[in-house]
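Note: the block below is model-v5.cif and it holds mmCIF, C-alpha atoms and all ligand atoms.
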```cif
data_target
loop_
_atom_site.label_atom_id
_atom_site.label_comp_id
_atom_site.auth_asym_id
_atom_site.auth_seq_id
_atom_site.Cartn_x
_atom_site.Cartn_y
_atom_site.Cartn_z
CA MET A 1 94.88 96.49 76.33
CA ALA A 2 96.26 92.99 76.67
CA GLN A 3 94.39 91.17 79.43
CA TRP A 4 97.56 90.08 81.20
CA LEU A 5 99.02 93.56 81.47
CA ASN A 6 98.45 94.68 85.05
CA VAL A 7 99.37 98.36 84.82
CA ASP A 8 99.28 99.02 88.55
CA PHE A 9 101.60 96.08 89.13
CA LEU A 10 104.13 97.46 86.64
CA ARG A 11 103.82 101.00 87.94
CA ASN A 12 104.65 99.74 91.42
CA ALA A 13 107.39 97.29 90.49
CA HIS A 14 109.82 99.28 92.64
CA LEU A 15 107.96 97.97 95.72
CA PHE A 16 109.63 94.62 95.05
CA PHE A 17 112.63 96.20 96.69
CA ASN A 18 110.71 96.99 99.86
CA ARG A 19 111.04 93.46 101.15
CA ASP A 20 108.80 93.81 104.19
CA LEU A 21 105.78 94.70 102.07
CA MET A 22 105.76 91.33 100.33
CA LEU A 23 106.31 89.07 103.33
CA PRO A 24 103.16 87.36 104.62
CA THR A 25 102.50 86.96 108.34
CA SER A 26 102.16 83.18 107.94
CA VAL A 27 102.15 80.53 105.24
CA PHE A 28 99.86 77.49 104.91
CA PRO A 29 99.58 74.67 102.35
CA ASP A 30 95.96 75.76 101.69
CA ILE A 31 93.09 77.39 103.61
CA SER A 32 92.18 74.12 105.37
CA GLY A 33 95.41 74.39 107.38
CA ILE A 34 94.38 77.71 108.96
CA GLY A 35 93.09 77.62 112.56
CA TRP A 36 90.00 79.77 112.04
CA GLU A 37 88.96 79.86 115.70
CA ASN A 38 92.44 81.15 116.56
CA VAL A 39 92.17 83.78 113.83
CA GLN A 40 88.89 84.97 115.32
CA ALA A 41 90.28 84.90 118.86
CA SER A 42 93.18 87.10 117.71
CA GLY A 43 90.79 89.96 116.92
CA ILE A 44 90.28 89.55 113.19
CA LYS A 45 86.73 90.69 112.30
CA GLY A 46 86.65 90.21 108.55
CA ILE A 47 88.47 88.21 105.89
CA ILE A 48 89.38 89.04 102.32
CA PHE A 49 90.08 86.05 100.10
CA ASP A 50 91.74 85.99 96.72
CA ALA A 51 89.78 83.76 94.29
CA ASP A 52 92.02 82.14 91.64
CA GLN A 53 94.20 79.34 93.00
CA THR A 54 93.22 80.17 96.58
CA LEU A 55 89.53 79.14 96.54
CA VAL A 56 88.77 78.20 92.93
CA PRO A 57 90.86 76.82 90.02
CA TYR A 58 92.27 79.31 87.53
CA HIS A 59 89.30 81.28 86.11
CA GLY A 60 86.92 78.79 87.77
CA VAL A 61 83.63 79.66 89.47
CA MET A 62 83.27 76.63 91.77
CA LEU A 63 84.97 76.23 95.11
CA HIS A 64 87.62 73.49 94.97
CA PRO A 65 85.90 70.32 96.35
CA GLY A 66 88.66 69.82 98.92
CA LEU A 67 87.98 73.27 100.41
CA VAL A 68 84.17 73.12 100.72
CA GLU A 69 84.20 71.93 104.33
CA THR A 70 86.74 74.56 105.39
CA PHE A 71 84.99 77.40 103.59
CA ASP A 72 81.67 76.40 105.24
CA LYS A 73 83.46 76.52 108.56
CA VAL A 74 84.84 80.02 107.90
CA LYS A 75 81.32 81.17 107.00
CA ARG A 76 79.97 79.56 110.19
CA VAL A 77 82.64 81.16 112.38
CA TYR A 78 82.48 84.62 110.79
CA GLY A 79 79.16 84.90 108.95
CA ALA A 80 79.04 85.25 105.16
CA ASP A 81 78.86 89.06 105.36
CA LYS A 82 82.26 89.20 107.07
CA ILE A 83 83.95 87.49 104.12
CA ALA A 84 84.76 89.18 100.81
CA ILE A 85 86.47 88.06 97.63
CA LEU A 86 88.94 90.27 95.78
CA SER A 87 89.90 89.07 92.31
CA ASN A 88 91.70 90.74 89.44
CA TYR A 89 89.54 88.61 87.13
CA ALA A 90 86.09 89.26 88.55
CA GLY A 91 84.10 92.34 89.42
CA ASN A 92 86.66 94.90 88.27
CA GLN A 93 86.76 96.75 84.96
CA MET A 94 83.07 96.02 84.61
CA ASP A 95 83.12 94.21 81.31
CA ASP A 96 80.61 91.43 80.62
CA ARG A 97 82.92 88.53 81.28
CA ARG A 98 84.12 89.82 84.63
CA THR A 99 80.59 90.79 85.68
CA LYS A 100 79.30 87.31 84.81
CA ARG A 101 82.14 85.70 86.73
CA LYS A 102 81.45 87.89 89.77
CA GLN A 103 77.81 86.85 89.71
CA ALA A 104 78.66 83.16 89.31
CA LEU A 105 81.21 83.25 92.16
CA GLU A 106 78.76 85.03 94.46
CA ALA A 107 76.00 82.52 93.66
CA ASN A 108 78.25 79.48 94.14
CA LEU A 109 80.29 80.60 97.14
CA GLY A 110 77.65 82.65 98.95
CA VAL A 111 79.88 85.66 99.68
CA ARG A 112 80.34 89.07 98.07
CA VAL A 113 82.86 89.65 95.29
CA ILE A 114 84.07 93.25 95.60
CA SER A 115 83.79 95.51 92.56
CA ALA A 116 86.76 97.80 92.11
CA ALA A 117 88.08 99.84 89.20
CA LYS A 118 91.72 99.07 90.04
CA LYS A 119 93.53 95.76 90.29
CA LYS A 120 95.64 94.30 93.10
CA PRO A 121 98.28 95.32 94.20
CA ALA A 122 96.57 98.74 94.18
CA PRO A 123 95.30 99.55 97.68
CA GLU A 124 91.88 100.81 96.47
CA PRO A 125 90.23 97.38 96.07
CA TYR A 126 91.22 96.52 99.64
CA HIS A 127 89.72 99.78 100.91
CA ALA A 128 86.49 98.89 99.08
CA ALA A 129 86.54 95.40 100.64
CA MET A 130 87.08 96.81 104.15
CA ALA A 131 84.25 99.31 103.63
CA TYR A 132 81.95 96.39 102.76
CA LEU A 133 83.15 94.29 105.71
CA GLY A 134 82.99 97.20 108.14
CA THR A 135 86.55 96.46 109.30
CA THR A 136 89.78 98.42 109.76
CA PRO A 137 93.24 97.41 108.48
CA GLU A 138 94.00 96.15 112.01
CA THR A 139 90.97 93.83 112.12
CA THR A 140 91.21 92.50 108.55
CA LEU A 141 92.98 89.38 107.31
CA MET A 142 94.03 88.89 103.68
CA VAL A 143 94.42 85.35 102.35
CA GLY A 144 95.91 84.75 98.90
CA ASP A 145 98.40 82.77 96.85
CA ARG A 146 100.50 85.59 95.38
CA LEU A 147 103.07 87.79 97.09
CA ALA A 148 103.29 90.50 94.43
CA THR A 149 99.52 91.05 94.19
CA ASP A 150 97.56 89.66 97.18
CA ILE A 151 100.08 90.31 99.95
CA LEU A 152 101.72 93.46 98.57
CA GLY A 153 98.34 95.14 97.90
CA ALA A 154 97.08 94.30 101.39
CA ARG A 155 100.17 95.77 103.01
CA ARG A 156 99.87 98.91 100.88
CA ALA A 157 96.32 99.29 102.22
CA GLY A 158 97.70 99.04 105.77
CA ILE A 159 96.53 95.47 106.43
CA GLN A 160 99.05 93.81 108.76
CA ARG A 161 97.76 90.23 108.88
CA THR A 162 98.33 88.35 105.63
CA PHE A 163 98.33 84.60 104.99
CA LEU A 164 99.90 83.04 101.91
CA VAL A 165 98.66 79.68 100.62
CA LEU A 166 101.53 77.71 99.12
CA ASN A 167 99.65 75.10 97.07
CA PRO A 168 97.87 76.66 94.10
CA ILE A 169 94.74 74.65 93.21
CA ASP A 170 95.71 73.96 89.59
CA ALA A 171 99.06 75.63 88.95
CA HIS A 172 99.46 73.72 85.65
CA ASN A 173 96.63 75.87 84.24
CA ASP A 174 98.30 79.14 85.22
CA PRO A 175 99.01 81.34 82.20
CA TRP A 176 102.72 81.77 81.42
CA TYR A 177 102.98 85.23 82.99
CA THR A 178 101.51 83.97 86.28
CA SER A 179 103.81 80.90 86.33
CA LEU A 180 106.76 83.16 85.71
CA THR A 181 105.97 85.62 88.49
CA ARG A 182 104.85 82.87 90.89
CA ASN A 183 108.19 81.06 90.46
CA PHE A 184 110.09 84.31 90.87
CA GLU A 185 108.10 85.13 94.03
CA ARG A 186 108.67 81.69 95.51
CA LYS A 187 112.43 81.83 94.92
CA TRP A 188 112.55 85.31 96.40
CA TYR A 189 110.53 84.19 99.41
CA ASP A 190 112.74 81.15 100.12
CA LYS A 191 115.85 83.30 99.90
CA GLU A 192 114.32 86.02 102.08
CA ILE A 193 113.41 83.53 104.80
CA GLN A 194 116.91 82.02 104.66
CA ILE A 195 118.46 85.49 105.03
CA ARG A 196 116.20 86.30 107.98
CA TRP A 197 116.92 82.97 109.68
CA LEU A 198 120.65 83.47 109.20
CA GLY A 199 120.32 86.96 110.65
CA TYR A 200 118.36 85.60 113.61
CA LEU A 201 120.79 82.74 114.24
CA SER A 202 123.85 84.95 113.95
CA GLY A 203 122.23 87.36 116.43
CA LYS A 204 121.72 84.44 118.81
CA TRP A 205 125.33 83.38 118.28
CA MET A 206 126.57 86.88 119.08
CA GLN A 207 124.43 86.97 122.25
CA TRP A 208 125.76 83.58 123.28
CA GLY A 209 129.29 84.72 122.51
CA SER A 210 128.94 87.82 124.67
CA HIS A 211 127.55 85.79 127.60
CA THR A 212 130.37 83.35 127.50
CA GLY A 213 133.06 85.94 126.96
CA GLY A 214 133.71 84.71 123.43
CA ILE A 215 133.95 86.75 120.22
MG MG B 301 95.29 83.93 93.11
#
```
Give the structure from this file in structure tokens form.
Ligand SMILES: [Mg+2]
Amino acid sequence: MAQWLNVDFLRNAHLFFNRDLMLPTSVFPDISGIGWENVQASGIKGIIFDADQTLVPYHGVMLHPGLVETFDKVKRVYGADKIAILSNYAGNQMDDRRTKRKQALEANLGVRVISAAKKKPAPEPYHAAMAYLGTTPETTLMVGDRLATDILGARRAGIQRTFLVLNPIDAHNDPWYTSLTRNFERKWYDKEIQIRWLGYLSGKWMQWGSHTGGI
């Protein structure tokens, strides 16, 4: 089957219409903008990271140089065994290439890459990651760069805390199908946030109106 065809993604395309499932808790330019001590203080016990464009360049096996310091800090704060990587291009569908990439990522980044038969946004890989981390959906944080895979899959697995990184490491190397869906996601997200802000502001306006006897 064509490598780019993510069957679970297509099978669950209807979830696009469940808007809450694709909205992250917070957004950051990249993982260095996240306050990791605050994350820990908020009760998060384990972290699942996406790999491509979140930690490493597209299909890369080395941490982006600008993120080395931050990733070391996360490992210091949490311990390497409380961090897991979930990638649709490593560890799953145990073919040679994906197995080799899993091994290279584990050797270079010093954390476990989870093996799972299904791809994100299926919930199964997240369940496997939480089993490894020894965490529950309430105490797990998902960090990734894609709404329709990383965030949607986490929410389907019951994970409530999800962070989206807005700056892909090397977006110009994204394959066409990823560029296409990433652009679509970003437009959807901007619109969704606008709608929610308008809803919030109009609610405030109505409240204000009722206090002052207006409208
Ligand atoms: Mg990614």
Dig up all the protein and nucleic acid residues within 10 Å of (94.2, 99.4, 108.9) in the file frame, using all atoms listed in the file, and format them as a PDB file with C-alpha atoms, keeping the file's coordinate frame.
```pdb
ATOM      1  CA  HIS A 127      89.720  99.780 100.910  1.00  0.00           C
ATOM      2  CA  MET A 130      87.080  96.810 104.150  1.00  0.00           C
ATOM      3  CA  THR A 135      86.550  96.460 109.300  1.00  0.00           C
ATOM      4  CA  THR A 136      89.780  98.420 109.760  1.00  0.00           C
ATOM      5  CA  PRO A 137      93.240  97.410 108.480  1.00  0.00           C
ATOM      6  CA  GLU A 138      94.000  96.150 112.010  1.00  0.00           C
ATOM      7  CA  THR A 139      90.970  93.830 112.120  1.00  0.00           C
ATOM      8  CA  THR A 140      91.210  92.500 108.550  1.00  0.00           C
ATOM      9  CA  ALA A 154      97.080  94.300 101.390  1.00  0.00           C
ATOM     10  CA  ARG A 155     100.170  95.770 103.010  1.00  0.00           C
ATOM     11  CA  ARG A 156      99.870  98.910 100.880  1.00  0.00           C
ATOM     12  CA  ALA A 157      96.320  99.290 102.220  1.00  0.00           C
ATOM     13  CA  GLY A 158      97.700  99.040 105.770  1.00  0.00           C
ATOM     14  CA  ILE A 159      96.530  95.470 106.430  1.00  0.00           C
ATOM     15  CA  GLN A 160      99.050  93.810 108.760  1.00  0.00           C
ATOM     16  CA  ARG A 161      97.760  90.230 108.880  1.00  0.00           C
TER      17      ARG A 161
END
```
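Remark: for A:Ala129, the closest of the candidate residues A:Asp95, A:Asp170, A:Asp81, A:Glu106 is A:Asp81 (distances computed over only C-alpha atoms).
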Pick from A:Asp30, A:Asp96, A:Asp150, A:Asp20, whichever lies nearest to ligand MG 301 (chain B) using all atoms listed in the file: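 Nearest to ligand MG 301 (chain B): A:Asp150.
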For A:Arg101, the nearest of the candidates A:Ala171, A:Ile83, A:Val61, A:Val77, counting all atoms listed in the file: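 Of A:Ala171, A:Ile83, A:Val61, A:Val77, the one nearest A:Arg101 is A:Val61, counting all atoms listed in the file.
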Taking all atoms listed in the file into account, produce a table as CSV in which each residue of stretch 163-190 of chain A with an atom at most 12 Å from an atom of stretch 34-56 of chain A appears once, together with its shortest atom pair and the distance in Å to one decimal, ordered by chain and rising number.
```
residue,atom,partner,partner_atom,distance
A:Phe163,CA,A:Ile34,CA,8.9
A:Leu164,CA,A:Thr54,CA,9.0
A:Val165,CA,A:Thr54,CA,6.8
A:Leu166,CA,A:Thr54,CA,9.0
A:Asn167,CA,A:Gln53,CA,8.0
A:Pro168,CA,A:Gln53,CA,4.7
A:Ile169,CA,A:Gln53,CA,4.7
A:Asp170,CA,A:Gln53,CA,6.5
A:Ala171,CA,A:Gln53,CA,7.3
A:His172,CA,A:Gln53,CA,10.6
A:Asn173,CA,A:Gln53,CA,9.7
A:Asp174,CA,A:Gln53,CA,8.8
A:Pro175,CA,A:Asp52,CA,11.8
A:Thr178,CA,A:Gln53,CA,11.0
A:Ser179,CA,A:Gln53,CA,11.8
A:Arg182,CA,A:Gln53,CA,11.4
```
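As for atom CA of A:Leu147 and atom CA of A:Leu23, they are spaced 7.1 Å apart.
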Counting only C-alpha atoms and all ligand atoms, the residue of A:Arg146, A:Lys119, A:Lys100, A:Arg19 that sits nearest ligand MG 301 (chain B): A:Arg146
Nearest candidate to ligand MG 301 (chain B) (options A:Ile151, A:Ala122, A:Ala107, A:Ala131; using only C-alpha atoms and all ligand atoms):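 Looking at the shortest contact to ligand MG 301 (chain B), the residue is A:Ile151.
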Distance criterion (all atoms listed in the file): nearest to ligand MG 301 (chain B) out of A:Lys73, A:Lys102, A:His59, A:Lys187: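 Among A:Lys73, A:Lys102, A:His59, A:Lys187, it is A:His59 that comes nearest to ligand MG 301 (chain B).
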Exercise: A:Glu192 partners within 12 Å, only C-alpha atoms, chain neighbours under 3 positions left out, as a count of residues only: 17
Separation of atom CA of A:Thr99 from atom CA of A:Ser115, in Å and rounded to one decimal: 8.9 Å
Using 6 Å of padding on each side, determine the axis-aligned box around all atoms of stretch 129-132 of chain A present in the file and give its centre and edge lengths in Å to one decimal, as AutoDock Vina command-line options.
```
--center_x 84.5 --center_y 97.4 --center_z 102.4 --size_x 17.1 --size_y 15.9 --size_z 15.5
```
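Relative to atom CA of A:Lys120, atom CA of A:Asp190 is found at 22.7 Å.
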